[in-house]
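Chemist: Structure: protein_31.pdb, PDB, C-alpha atoms and all ligand atoms.
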```pdb
MODEL        1
ATOM      1  CA  MET N   1      35.450  71.514  70.481
ATOM      2  CA  THR N   2      35.447  67.754  71.192
ATOM      3  CA  ASP N   3      38.332  66.046  72.957
ATOM      4  CA  ILE N   4      39.293  64.250  69.765
ATOM      5  CA  SER N   5      39.691  67.366  67.636
ATOM      6  CA  PHE N   6      41.543  69.045  70.496
ATOM      7  CA  GLU N   7      44.063  66.176  70.550
ATOM      8  CA  ALA N   8      44.471  66.303  66.788
ATOM      9  CA  GLU N   9      45.059  70.035  66.942
ATOM     10  CA  THR N  10      47.599  69.903  69.767
ATOM     11  CA  SER N  11      49.626  67.107  68.185
ATOM     12  CA  ALA N  12      49.592  68.875  64.824
ATOM     13  CA  LYS N  13      51.058  71.875  66.616
ATOM     14  CA  ALA N  14      53.772  69.725  68.172
ATOM     15  CA  ALA N  15      54.743  68.360  64.763
ATOM     16  CA  ASP N  16      55.271  71.901  63.455
ATOM     17  CA  SER N  17      57.565  72.953  66.272
ATOM     18  CA  GLY N  18      60.591  71.009  65.086
ATOM     19  CA  ALA N  19      60.434  72.236  61.504
ATOM     20  CA  ASN N  20      60.018  75.832  62.694
ATOM     21  CA  ALA N  21      62.890  75.506  65.162
ATOM     22  CA  SER N  22      65.171  74.262  62.337
ATOM     23  CA  ALA N  23      64.119  77.084  60.006
ATOM     24  CA  ARG N  24      64.596  79.735  62.713
ATOM     25  CA  PHE N  25      68.031  78.414  63.614
ATOM     26  CA  ARG N  26      69.101  78.470  59.960
ATOM     27  CA  GLU N  27      67.947  82.100  59.628
ATOM     28  CA  ARG N  28      69.826  83.105  62.741
ATOM     29  CA  MET N  29      73.046  81.454  61.592
ATOM     30  CA  ALA N  30      72.690  83.120  58.185
ATOM     31  CA  SER N  31      72.217  86.578  59.698
ATOM     32  CA  ALA N  32      75.203  86.034  62.010
ATOM     33  CA  GLY N  33      77.229  85.595  58.776
ATOM     34  CA  THR N  34      80.771  84.250  58.889
ATOM     35  CA  ARG N  35      81.175  84.970  62.614
ATOM     36  CA  SER N  36      79.057  81.981  63.532
ATOM     37  CA  GLY N  37      79.277  78.265  62.952
ATOM     38  CA  VAL N  38      82.861  78.225  61.669
ATOM     39  CA  VAL N  39      85.331  76.143  63.638
ATOM     40  CA  ASP N  40      88.979  75.856  62.616
ATOM     41  CA  THR N  41      90.265  72.680  60.964
ATOM     42  CA  GLU N  42      92.532  71.608  63.810
ATOM     43  CA  ARG N  43      89.718  71.798  66.334
ATOM     44  CA  VAL N  44      87.248  69.996  64.030
ATOM     45  CA  ASN N  45      89.833  67.266  63.508
ATOM     46  CA  TYR N  46      90.389  66.953  67.265
ATOM     47  CA  LEU N  47      86.709  66.941  68.290
ATOM     48  CA  ALA N  48      85.311  64.888  65.395
ATOM     49  CA  THR N  49      88.015  62.241  65.910
ATOM     50  CA  LYS N  50      87.136  62.072  69.599
ATOM     51  CA  VAL N  51      83.382  61.773  68.959
ATOM     52  CA  VAL N  52      83.813  59.039  66.346
ATOM     53  CA  LYS N  53      86.220  57.135  68.583
ATOM     54  CA  GLY N  54      83.828  57.464  71.545
ATOM     55  CA  LEU N  55      80.998  55.949  69.526
ATOM     56  CA  ASN N  56      83.211  53.159  68.186
ATOM     57  CA  ASP N  57      84.329  52.351  71.734
ATOM     58  CA  ILE N  58      80.688  52.044  72.834
ATOM     59  CA  ILE N  59      79.870  49.764  69.884
ATOM     60  CA  ILE N  60      82.727  47.429  70.804
ATOM     61  CA  SER N  61      82.386  47.489  74.584
ATOM     62  CA  ASP N  62      78.581  47.178  74.582
ATOM     63  CA  ARG N  63      78.504  44.601  71.740
ATOM     64  CA  VAL N  64      76.157  46.719  69.585
ATOM     65  CA  SER N  65      74.335  44.508  67.019
ATOM     66  CA  TYR N  66      73.376  45.231  63.374
ATOM     67  CA  GLU N  67      69.759  45.440  64.587
ATOM     68  CA  GLU N  68      70.681  48.212  67.011
ATOM     69  CA  TYR N  69      72.929  49.947  64.474
ATOM     70  CA  ASN N  70      70.104  49.991  61.905
ATOM     71  CA  ALA N  71      67.603  51.236  64.497
ATOM     72  CA  LEU N  72      70.001  54.118  65.196
ATOM     73  CA  LYS N  73      70.424  54.810  61.471
ATOM     74  CA  ALA N  74      66.638  54.904  60.945
ATOM     75  CA  TRP N  75      66.200  57.150  63.973
ATOM     76  CA  LEU N  76      68.897  59.630  62.903
ATOM     77  CA  ILE N  77      67.276  59.888  59.464
ATOM     78  CA  ARG N  78      63.947  60.621  61.175
ATOM     79  CA  VAL N  79      65.449  63.330  63.432
ATOM     80  CA  GLY N  80      66.381  65.199  60.251
ATOM     81  CA  GLU N  81      63.070  64.560  58.509
ATOM     82  CA  ASP N  82      61.143  65.831  61.538
ATOM     83  CA  GLY N  83      63.396  68.890  61.824
ATOM     84  CA  GLU N  84      64.168  67.868  65.395
ATOM     85  CA  TRP N  85      67.931  68.421  65.531
ATOM     86  CA  PRO N  86      67.485  71.697  67.461
ATOM     87  CA  LEU N  87      65.154  69.995  69.928
ATOM     88  CA  PHE N  88      67.384  66.968  70.383
ATOM     89  CA  LEU N  89      70.589  68.979  70.841
ATOM     90  CA  ASP N  90      69.044  71.571  73.160
ATOM     91  CA  VAL N  91      67.478  68.914  75.393
ATOM     92  CA  TRP N  92      70.393  66.494  75.683
ATOM     93  CA  LEU N  93      73.596  68.456  75.045
ATOM     94  CA  GLU N  94      73.114  72.213  75.455
ATOM     95  CA  HIS N  95      73.324  72.097  79.266
ATOM     96  CA  SER N  96      76.975  71.025  79.084
ATOM     97  CA  VAL N  97      77.842  73.712  76.527
ATOM     98  CA  GLU N  98      76.193  76.275  78.815
ATOM     99  CA  GLU N  99      78.162  74.989  81.796
ATOM    100  CA  VAL N 100      81.442  75.507  79.964
ATOM    101  CA  ALA N 101      80.415  78.907  78.541
ATOM    102  CA  ASN N 102      79.311  80.399  81.868
ATOM    103  CA  GLU N 103      81.622  78.885  84.466
ATOM    104  CA  HIS N 104      83.629  82.131  84.739
ATOM    105  CA  ARG N 105      80.638  84.250  85.771
ATOM    106  CA  GLU N 106      80.292  85.757  89.224
ATOM    107  CA  GLY N 107      76.813  87.169  88.607
ATOM    108  CA  SER N 108      73.523  85.392  87.953
ATOM    109  CA  LYS N 109      73.504  81.757  86.916
ATOM    110  CA  GLY N 110      72.616  80.986  83.344
ATOM    111  CA  THR N 111      71.050  77.898  81.849
ATOM    112  CA  ILE N 112      70.087  76.627  78.394
ATOM    113  CA  GLU N 113      68.383  78.838  75.824
ATOM    114  CA  GLY N 114      66.422  75.980  74.227
ATOM    115  CA  PRO N 115      65.087  76.069  70.667
ATOM    116  CA  TYR N 116      62.363  78.721  70.989
ATOM    117  CA  TYR N 117      64.003  82.148  71.416
ATOM    118  CA  ILE N 118      63.117  84.871  68.885
ATOM    119  CA  ASP N 119      65.033  88.127  68.704
ATOM    120  CA  GLY N 120      63.167  91.438  68.518
ATOM    121  CA  SER N 121      60.125  90.896  70.747
ATOM    122  CA  PRO N 122      57.867  93.929  71.423
ATOM    123  CA  GLU N 123      59.490  96.629  73.584
ATOM    124  CA  LEU N 124      57.641  97.401  76.790
ATOM    125  CA  PRO N 125      58.068 100.009  79.538
ATOM    126  CA  TRP N 126      59.786  98.998  82.807
ATOM    127  CA  ASN N 127      56.421  97.864  84.263
ATOM    128  CA  GLY N 128      54.654  96.629  81.105
ATOM    129  CA  THR N 129      52.346  93.675  80.444
ATOM    130  CA  ILE N 130      53.488  90.879  78.128
ATOM    131  CA  PRO N 131      51.545  90.554  74.838
ATOM    132  CA  MET N 132      48.805  87.956  75.281
ATOM    133  CA  ARG N 133      45.375  87.031  73.933
ATOM    134  CA  ASP N 134      42.268  88.590  75.508
ATOM    135  CA  ASP N 135      41.260  85.200  76.888
ATOM    136  CA  GLU N 136      44.783  83.885  77.589
ATOM    137  CA  PRO N 137      44.361  81.081  80.141
ATOM    138  CA  GLY N 138      46.604  81.008  83.231
ATOM    139  CA  THR N 139      47.211  82.515  86.670
ATOM    140  CA  PRO N 140      48.413  86.154  86.697
ATOM    141  CA  LEU N 141      52.091  86.473  87.649
ATOM    142  CA  GLU N 142      53.736  89.734  88.700
ATOM    143  CA  PHE N 143      57.501  89.374  88.408
ATOM    144  CA  ALA N 144      59.538  92.241  89.846
ATOM    145  CA  GLY N 145      63.262  92.737  90.299
ATOM    146  CA  GLN N 146      66.378  94.753  89.684
ATOM    147  CA  VAL N 147      69.271  94.392  87.249
ATOM    148  CA  ARG N 148      72.621  95.134  88.912
ATOM    149  CA  ALA N 149      76.315  94.771  88.127
ATOM    150  CA  VAL N 150      78.372  92.356  90.260
ATOM    151  CA  ASP N 151      79.673  95.439  92.168
ATOM    152  CA  GLY N 152      76.090  96.343  93.126
ATOM    153  CA  THR N 153      75.560  99.245  90.684
ATOM    154  CA  PRO N 154      71.924  99.335  89.476
ATOM    155  CA  LEU N 155      71.890  99.089  85.671
ATOM    156  CA  SER N 156      69.508 101.753  84.456
ATOM    157  CA  GLY N 157      68.136 100.927  80.991
ATOM    158  CA  ALA N 158      69.061  97.233  81.165
ATOM    159  CA  LYS N 159      67.041  95.029  78.827
ATOM    160  CA  VAL N 160      65.054  92.073  80.174
ATOM    161  CA  GLU N 161      63.680  89.748  77.504
ATOM    162  CA  LEU N 162      61.146  87.107  78.536
ATOM    163  CA  TRP N 163      59.567  84.302  76.544
ATOM    164  CA  HIS N 164      57.513  81.383  77.781
ATOM    165  CA  ALA N 165      54.986  78.750  76.751
ATOM    166  CA  ASP N 166      51.227  79.186  77.095
ATOM    167  CA  ASP N 167      49.007  77.138  79.372
ATOM    168  CA  LEU N 168      49.085  74.204  76.923
ATOM    169  CA  GLY N 169      52.873  74.297  76.587
ATOM    170  CA  PHE N 170      53.037  76.003  73.175
ATOM    171  CA  TYR N 171      55.463  78.750  72.136
ATOM    172  CA  SER N 172      54.300  81.449  69.721
ATOM    173  CA  GLN N 173      55.940  81.326  66.257
ATOM    174  CA  PHE N 174      56.598  77.592  66.688
ATOM    175  CA  ALA N 175      53.083  76.250  67.192
ATOM    176  CA  PRO N 176      50.501  77.558  64.712
ATOM    177  CA  GLY N 177      47.429  79.563  65.635
ATOM    178  CA  LEU N 178      49.032  81.865  68.208
ATOM    179  CA  PRO N 179      49.509  85.637  67.782
ATOM    180  CA  GLU N 180      53.060  86.342  66.557
ATOM    181  CA  TRP N 181      54.468  87.723  69.818
ATOM    182  CA  ASN N 182      52.209  85.908  72.279
ATOM    183  CA  LEU N 183      53.945  85.659  75.685
ATOM    184  CA  ARG N 184      57.146  87.315  74.418
ATOM    185  CA  GLY N 185      58.378  90.774  75.407
ATOM    186  CA  SER N 186      61.387  93.042  76.135
ATOM    187  CA  TRP N 187      61.313  95.319  79.182
ATOM    188  CA  THR N 188      63.645  98.288  79.706
ATOM    189  CA  ALA N 189      64.633  98.679  83.354
ATOM    190  CA  ASN N 190      63.969 102.103  84.949
ATOM    191  CA  GLU N 191      66.593 104.528  86.335
ATOM    192  CA  ASP N 192      67.088 102.233  89.362
ATOM    193  CA  GLY N 193      67.524  99.163  87.175
ATOM    194  CA  ARG N 194      64.110  97.929  88.278
ATOM    195  CA  PHE N 195      61.472  96.160  86.233
ATOM    196  CA  GLU N 196      57.977  94.836  86.917
ATOM    197  CA  ILE N 197      56.736  92.230  84.477
ATOM    198  CA  HIS N 198      53.049  91.333  84.207
ATOM    199  CA  THR N 199      52.517  87.904  82.710
ATOM    200  CA  LEU N 200      50.946  84.513  83.451
ATOM    201  CA  ARG N 201      52.382  81.621  85.393
ATOM    202  CA  PRO N 202      53.554  79.019  82.847
ATOM    203  CA  ALA N 203      52.460  75.374  83.022
ATOM    204  CA  PRO N 204      54.818  72.360  83.032
ATOM    205  CA  TYR N 205      55.992  71.699  79.500
ATOM    206  CA  GLN N 206      56.359  68.529  77.456
ATOM    207  CA  ILE N 207      58.798  68.528  74.577
ATOM    208  CA  PRO N 208      56.991  67.460  71.369
ATOM    209  CA  THR N 209      56.292  63.724  71.632
ATOM    210  CA  ASP N 210      55.073  62.987  68.116
ATOM    211  CA  GLY N 211      58.443  63.169  66.348
ATOM    212  CA  ALA N 212      61.842  61.503  66.555
ATOM    213  CA  CYS N 213      62.614  62.829  70.071
ATOM    214  CA  GLY N 214      59.323  61.416  71.312
ATOM    215  CA  GLN N 215      60.139  58.113  69.633
ATOM    216  CA  LEU N 216      63.458  57.916  71.511
ATOM    217  CA  ILE N 217      61.789  58.866  74.809
ATOM    218  CA  GLU N 218      59.187  56.164  74.400
ATOM    219  CA  ALA N 219      61.652  53.514  73.221
ATOM    220  CA  ALA N 220      63.890  54.204  76.234
ATOM    221  CA  GLY N 221      61.027  54.433  78.741
ATOM    222  CA  TRP N 222      61.878  58.050  79.658
ATOM    223  CA  HIS N 223      59.476  60.975  80.102
ATOM    224  CA  ALA N 224      59.188  64.163  78.021
ATOM    225  CA  TRP N 225      58.654  66.746  80.764
ATOM    226  CA  ARG N 226      60.388  69.956  81.625
ATOM    227  CA  PRO N 227      59.268  71.780  84.775
ATOM    228  CA  ALA N 228      57.295  75.007  84.249
ATOM    229  CA  HIS N 229      59.796  77.714  83.346
ATOM    230  CA  LEU N 230      60.292  81.311  82.283
ATOM    231  CA  HIS N 231      63.063  82.024  79.755
ATOM    232  CA  PHE N 232      65.127  85.230  80.053
ATOM    233  CA  LYS N 233      67.894  87.110  78.310
ATOM    234  CA  VAL N 234      69.179  90.039  80.389
ATOM    235  CA  SER N 235      71.673  92.536  79.023
ATOM    236  CA  ALA N 236      73.130  96.026  79.430
ATOM    237  CA  PRO N 237      75.840  97.863  77.448
ATOM    238  CA  GLY N 238      79.300  96.931  78.751
ATOM    239  CA  TYR N 239      78.041  93.756  80.467
ATOM    240  CA  GLU N 240      77.837  90.131  79.408
ATOM    241  CA  LEU N 241      74.359  89.094  78.311
ATOM    242  CA  ILE N 242      72.982  86.249  80.414
ATOM    243  CA  THR N 243      70.567  83.627  79.064
ATOM    244  CA  THR N 244      68.693  81.824  81.804
ATOM    245  CA  GLN N 245      65.449  80.237  82.994
ATOM    246  CA  LEU N 246      63.584  80.412  86.293
ATOM    247  CA  TYR N 247      61.514  77.689  87.929
ATOM    248  CA  PHE N 248      58.740  77.276  90.514
ATOM    249  CA  PRO N 249      59.204  75.288  93.741
ATOM    250  CA  GLY N 250      57.097  72.150  94.058
ATOM    251  CA  ASP N 251      57.026  71.322  90.349
ATOM    252  CA  PRO N 252      57.208  67.521  90.030
ATOM    253  CA  HIS N 253      59.822  67.821  87.286
ATOM    254  CA  ASN N 254      62.287  70.163  88.998
ATOM    255  CA  ASP N 255      64.294  67.086  90.006
ATOM    256  CA  ASP N 256      64.114  65.208  86.722
ATOM    257  CA  ASP N 257      64.033  67.860  83.991
ATOM    258  CA  ILE N 258      64.530  66.112  80.663
ATOM    259  CA  ALA N 259      66.823  68.989  79.603
ATOM    260  CA  THR N 260      68.949  68.950  82.817
ATOM    261  CA  ALA N 261      68.620  72.748  83.019
ATOM    262  CA  VAL N 262      67.386  73.303  86.608
ATOM    263  CA  LYS N 263      69.818  74.752  89.190
ATOM    264  CA  PRO N 264      69.064  75.636  92.828
ATOM    265  CA  GLU N 265      69.926  79.313  92.162
ATOM    266  CA  LEU N 266      67.186  79.447  89.507
ATOM    267  CA  MET N 267      64.320  78.565  91.862
ATOM    268  CA  LEU N 268      61.770  81.347  92.421
ATOM    269  CA  ASP N 269      60.007  82.080  95.726
ATOM    270  CA  PRO N 270      56.457  83.026  94.660
ATOM    271  CA  HIS N 271      53.761  84.300  97.031
ATOM    272  CA  SER N 272      50.019  84.854  96.648
ATOM    273  CA  ALA N 273      49.264  88.354  95.393
ATOM    274  CA  PRO N 274      47.953  90.711  98.119
ATOM    275  CA  ASP N 275      44.670  91.097  96.203
ATOM    276  CA  GLY N 276      44.339  87.299  95.965
ATOM    277  CA  GLU N 277      44.601  87.438  92.162
ATOM    278  CA  GLY N 278      47.530  85.252  91.159
ATOM    279  CA  VAL N 279      51.132  85.265  92.377
ATOM    280  CA  VAL N 280      53.914  87.785  92.908
ATOM    281  CA  VAL N 281      57.610  87.043  92.858
ATOM    282  CA  ASN N 282      60.900  88.918  93.114
ATOM    283  CA  TYR N 283      64.147  88.009  91.372
ATOM    284  CA  ASP N 284      67.199  90.163  90.708
ATOM    285  CA  PHE N 285      69.648  89.662  87.844
ATOM    286  CA  VAL N 286      73.354  90.349  88.358
ATOM    287  CA  LEU N 287      75.529  90.920  85.293
ATOM    288  CA  ASP N 288      79.286  90.406  84.875
ATOM    289  CA  PRO N 289      81.250  93.189  83.183
ATOM    290  CA  GLU N 290      82.455  92.443  79.632
ATOM    291  CA  GLY N 291      86.055  91.537  78.905
TER     292      GLY N 291
HETATM  293  C1  LIG W 301      63.122  72.319  74.510
HETATM  294  C2  LIG W 301      62.031  73.126  74.747
HETATM  295  C3  LIG W 301      62.087  74.097  75.714
HETATM  296  O1  LIG W 301      61.049  74.926  75.976
HETATM  297  C4  LIG W 301      63.231  74.286  76.434
HETATM  298  O2  LIG W 301      63.207  75.244  77.360
HETATM  299  C5  LIG W 301      64.319  73.478  76.193
HETATM  300  C6  LIG W 301      64.270  72.511  75.229
HETATM  301  C7  LIG W 301      63.031  71.308  73.426
HETATM  302  O3  LIG W 301      61.908  70.969  73.014
HETATM  303  O4  LIG W 301      64.084  70.852  72.973
HETATM  304 FE    FE W 302      61.267  76.355  77.200
ENDMDL
END
```
As structure tokens, what does this structure read like?
Ligand code: DHB
Ligand code: FE

Modeler:
Amino acid sequence: MTDISFEAETSAKAADSGANASARFRERMASAGTRSGVVDTERVNYLATKVVKGLNDIIISDRVSYEEYNALKAWLIRVGEDGEWPLFLDVWLEHSVEEVANEHREGSKGTIEGPYYIDGSPELPWNGTIPMRDDEPGTPLEFAGQVRAVDGTPLSGAKVELWHADDLGFYSQFAPGLPEWNLRGSWTANEDGRFEIHTLRPAPYQIPTDGACGQLIEAAGWHAWRPAHLHFKVSAPGYELITTQLYFPGDPHNDDDIATAVKPELMLDPHSAPDGEGVVVNYDFVLDPEG
């Protein structure tokens, strides 16, 4: 493959991600039925009034021109056309929603889910290997740990779901050409609440740059990078599910994540594997009881 066709292929993949993320989100909201996405009139009135007033205040105080207003209008239209509302919202707003949602927790820290979670990934034994291609590029990563309650009880049978991007930064089911469940799996912790995940170390990740979000990033002189990360959902009956991500020390984007989703508690401490093949790391998840 020449460099040129490689570039064409990778940017075509990026363009698909937004549309897929929108479609997936719609499906999830539909299957959640009336429980999801309905906010009562009083609250909509309160919040929508506040948002509109906030924007009007900015227009007045920052002397926003018709040129700037029309640039915004054109950009908002493009966000919809490119299917990039999930990307935009999850990069620039979700971290605050997560902060509010999880501030009561005593157990593990959460962070944003992002646009690329898919429910129902293949079930694996407590020490299973994540689904991947025969020639999947990347450094082997052995990720071991225990799921416990805040009182220290090991949570036998806890579920640990992991999803992450491949070595080029693509998520299966959002970029074309990848096996359906590539780099996605669900582990069931053993009787001691322990799990041992065999996967690959993810690479730093750029949010798609060829759509509306990329246009904003370029126009504002920002960058599109997230540090390399592993996404998790960890759950057990009777405990609050936690959605989180874990990061690798030394990544140049740990301090300027475009999605503002890095926290000190979410930093891993990886070591070289004893056999010299890849890296090993330990991380325990602590769940808060429900209710
Ligand atoms: C986005 C992508 C991610 O992988 C992530 O973790 C958060 C946000 C995005 O493209 O919006
Ligand atoms: Fe991600």

Chemist: For Tyr239 (chain N), which residue out of N:Glu142, N:Glu290, N:Glu106, N:Glu27 is the nearest one, using only C-alpha atoms?

Modeler: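 Between N:Glu142, N:Glu290, N:Glu106, N:Glu27, the residue approaching Tyr239 (chain N) most closely is N:Glu290.
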
Chemist: Counting all atoms listed in the file, name the residues that have an atom within 12 Å of an atom of ligand FE 302 (chain W); the answer should be given as a PyMOL selection string.

Modeler: chain N and resi 87+90-91+111-117+162-166+169-172+174+183+202-208+225-232+243-247+257-259+261-262

Chemist: Taking only C-alpha atoms into account, which of N:Pro131, N:Gly145, N:Gly221, N:Gly157 comes nearest Trp181 (chain N)?

Modeler: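 Of all the options, N:Pro131 lies closest to Trp181 (chain N).
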
Chemist: Box in all listed atoms of ligand LIG 301 (chain W), axis-aligned, with 8 Å more on each side; write out centre and edge lengths in Å to one decimal as AutoDock Vina command-line options.

Modeler:
```
--center_x 62.7 --center_y 73.0 --center_z 75.2 --size_x 19.3 --size_y 20.4 --size_z 20.4
```

Chemist: Using only C-alpha atoms and a cutoff of 7 Å, can you tell me which residues are near (62.6, 82.6, 94.4) in the file's coordinates, and write them out as number ranges by chain?

Modeler: N: 267-270, 281-283

Chemist: May I have the residues from that selection written out with C-alpha atoms, as a PDB file, in the frame of the given file?

Modeler:
```pdb
ATOM      1  CA  MET N 267      64.320  78.565  91.862  1.00  0.00           C
ATOM      2  CA  LEU N 268      61.770  81.347  92.421  1.00  0.00           C
ATOM      3  CA  ASP N 269      60.007  82.080  95.726  1.00  0.00           C
ATOM      4  CA  PRO N 270      56.457  83.026  94.660  1.00  0.00           C
ATOM      5  CA  VAL N 281      57.610  87.043  92.858  1.00  0.00           C
ATOM      6  CA  ASN N 282      60.900  88.918  93.114  1.00  0.00           C
ATOM      7  CA  TYR N 283      64.147  88.009  91.372  1.00  0.00           C
TER       8      TYR N 283
END
```

Chemist: Would you kindly translate the PyMOL selection byres (((chain N and resi 132) around 9) and not hetatm) into the concrete residues it picks from this file, as a ChimeraX atom specification?

Modeler: /N:129-131,133-136,179,181-184,199

Chemist: Given the file shown, determine the residues that the PyMOL selection byres (((chain N and resi 147) around 7) and not hetatm) selects; report them as an MDAnalysis selection string.

Modeler: chainID N and resid 145:146 148 154:155 158 193:194 284:286

Chemist: Name the residues within 8 Å of (57.4, 97.6, 86.3), counting all atoms listed in the file in the file's coordinates, and put them as a ChimeraX atom specification.

Modeler: /N:125-128,144,189,194-198

Chemist: Could you list, as a PyMOL selection string, every residue within 9 Å of region 68-76 of chain N, counting only C-alpha atoms and ignoring same-chain residues fewer than 2 positions away?

Modeler: chain N and resi 59+64-66+78-81+212+215-216

Chemist: Could you please take those selected residues and save C-alpha atoms as a PDB file, in the frame of the given file?

Modeler:
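So the final result, stored in result.pdb, reads:
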```
ATOM      1  CA  ILE N  59      79.870  49.764  69.884  1.00  0.00           C
ATOM      2  CA  VAL N  64      76.157  46.719  69.585  1.00  0.00           C
ATOM      3  CA  SER N  65      74.335  44.508  67.019  1.00  0.00           C
ATOM      4  CA  TYR N  66      73.376  45.231  63.374  1.00  0.00           C
ATOM      5  CA  ARG N  78      63.947  60.621  61.175  1.00  0.00           C
ATOM      6  CA  VAL N  79      65.449  63.330  63.432  1.00  0.00           C
ATOM      7  CA  GLY N  80      66.381  65.199  60.251  1.00  0.00           C
ATOM      8  CA  GLU N  81      63.070  64.560  58.509  1.00  0.00           C
ATOM      9  CA  ALA N 212      61.842  61.503  66.555  1.00  0.00           C
ATOM     10  CA  GLN N 215      60.139  58.113  69.633  1.00  0.00           C
ATOM     11  CA  LEU N 216      63.458  57.916  71.511  1.00  0.00           C
TER      12      LEU N 216
END
```

Chemist: Mind pulling up the distance from CA of Ala236 (chain N) to CA of Ser121 (chain N)?

Modeler: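 Answer for the CA of Ser121 (chain N) to CA of Ala236 (chain N) separation: 16.5 Å.
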
Chemist: Where does the PyMOL selection byres (((chain N and resi 19-21) around 8) and not hetatm) land in this file, that is, which residues does it pick, as a list of chain:residue names?

Modeler: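 That selection, the PyMOL selection byres (((chain N and resi 19-21) around 8) and not hetatm), comes back as N:Ala15, N:Asp16, N:Ser17, N:Gly18, N:Ser22, N:Ala23, N:Arg24, N:Phe25, N:Asp82, N:Gly83, N:Glu84, N:Pro86, N:Leu87, N:Pro115, N:Tyr116, N:Gln173, N:Phe174.
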
Chemist: Which residue, N:Val279, N:Val51, N:Val160, N:Leu287, has the smallest gap to Thr139 (chain N) when you use all atoms listed in the file?

Modeler: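 Looking only at the distances to Thr139 (chain N), the closest residue turns out to be N:Val279.
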
Chemist: Considering only C-alpha atoms, can you say which of N:His95, N:His271, N:Lys53, N:Arg201 comes closest to Leu168 (chain N)?

Modeler: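 The shortest atom-to-atom distance to Leu168 (chain N) comes from N:Arg201.
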
Chemist: What is the distance between atom C6 of ligand LIG 301 (chain W) and CA of Glu123 (chain N), in Å to one decimal?

Modeler: 24.6 Å

Chemist: Of the candidates N:Leu89, N:Ile217, N:Ala32, N:Leu141, which one gets nearest to ligand LIG 301 (chain W) if we count only C-alpha atoms and all ligand atoms?

Modeler: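 Looking only at the distances to ligand LIG 301 (chain W), the closest residue turns out to be N:Leu89.
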
Chemist: Pick the closest to Ser186 (chain N) from N:Thr260, N:Ser272, N:Ser31, N:Ser235: which is it, counting all atoms listed in the file?

Modeler: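 Answer, going by the shortest atom-to-atom distance: N:Ser235.
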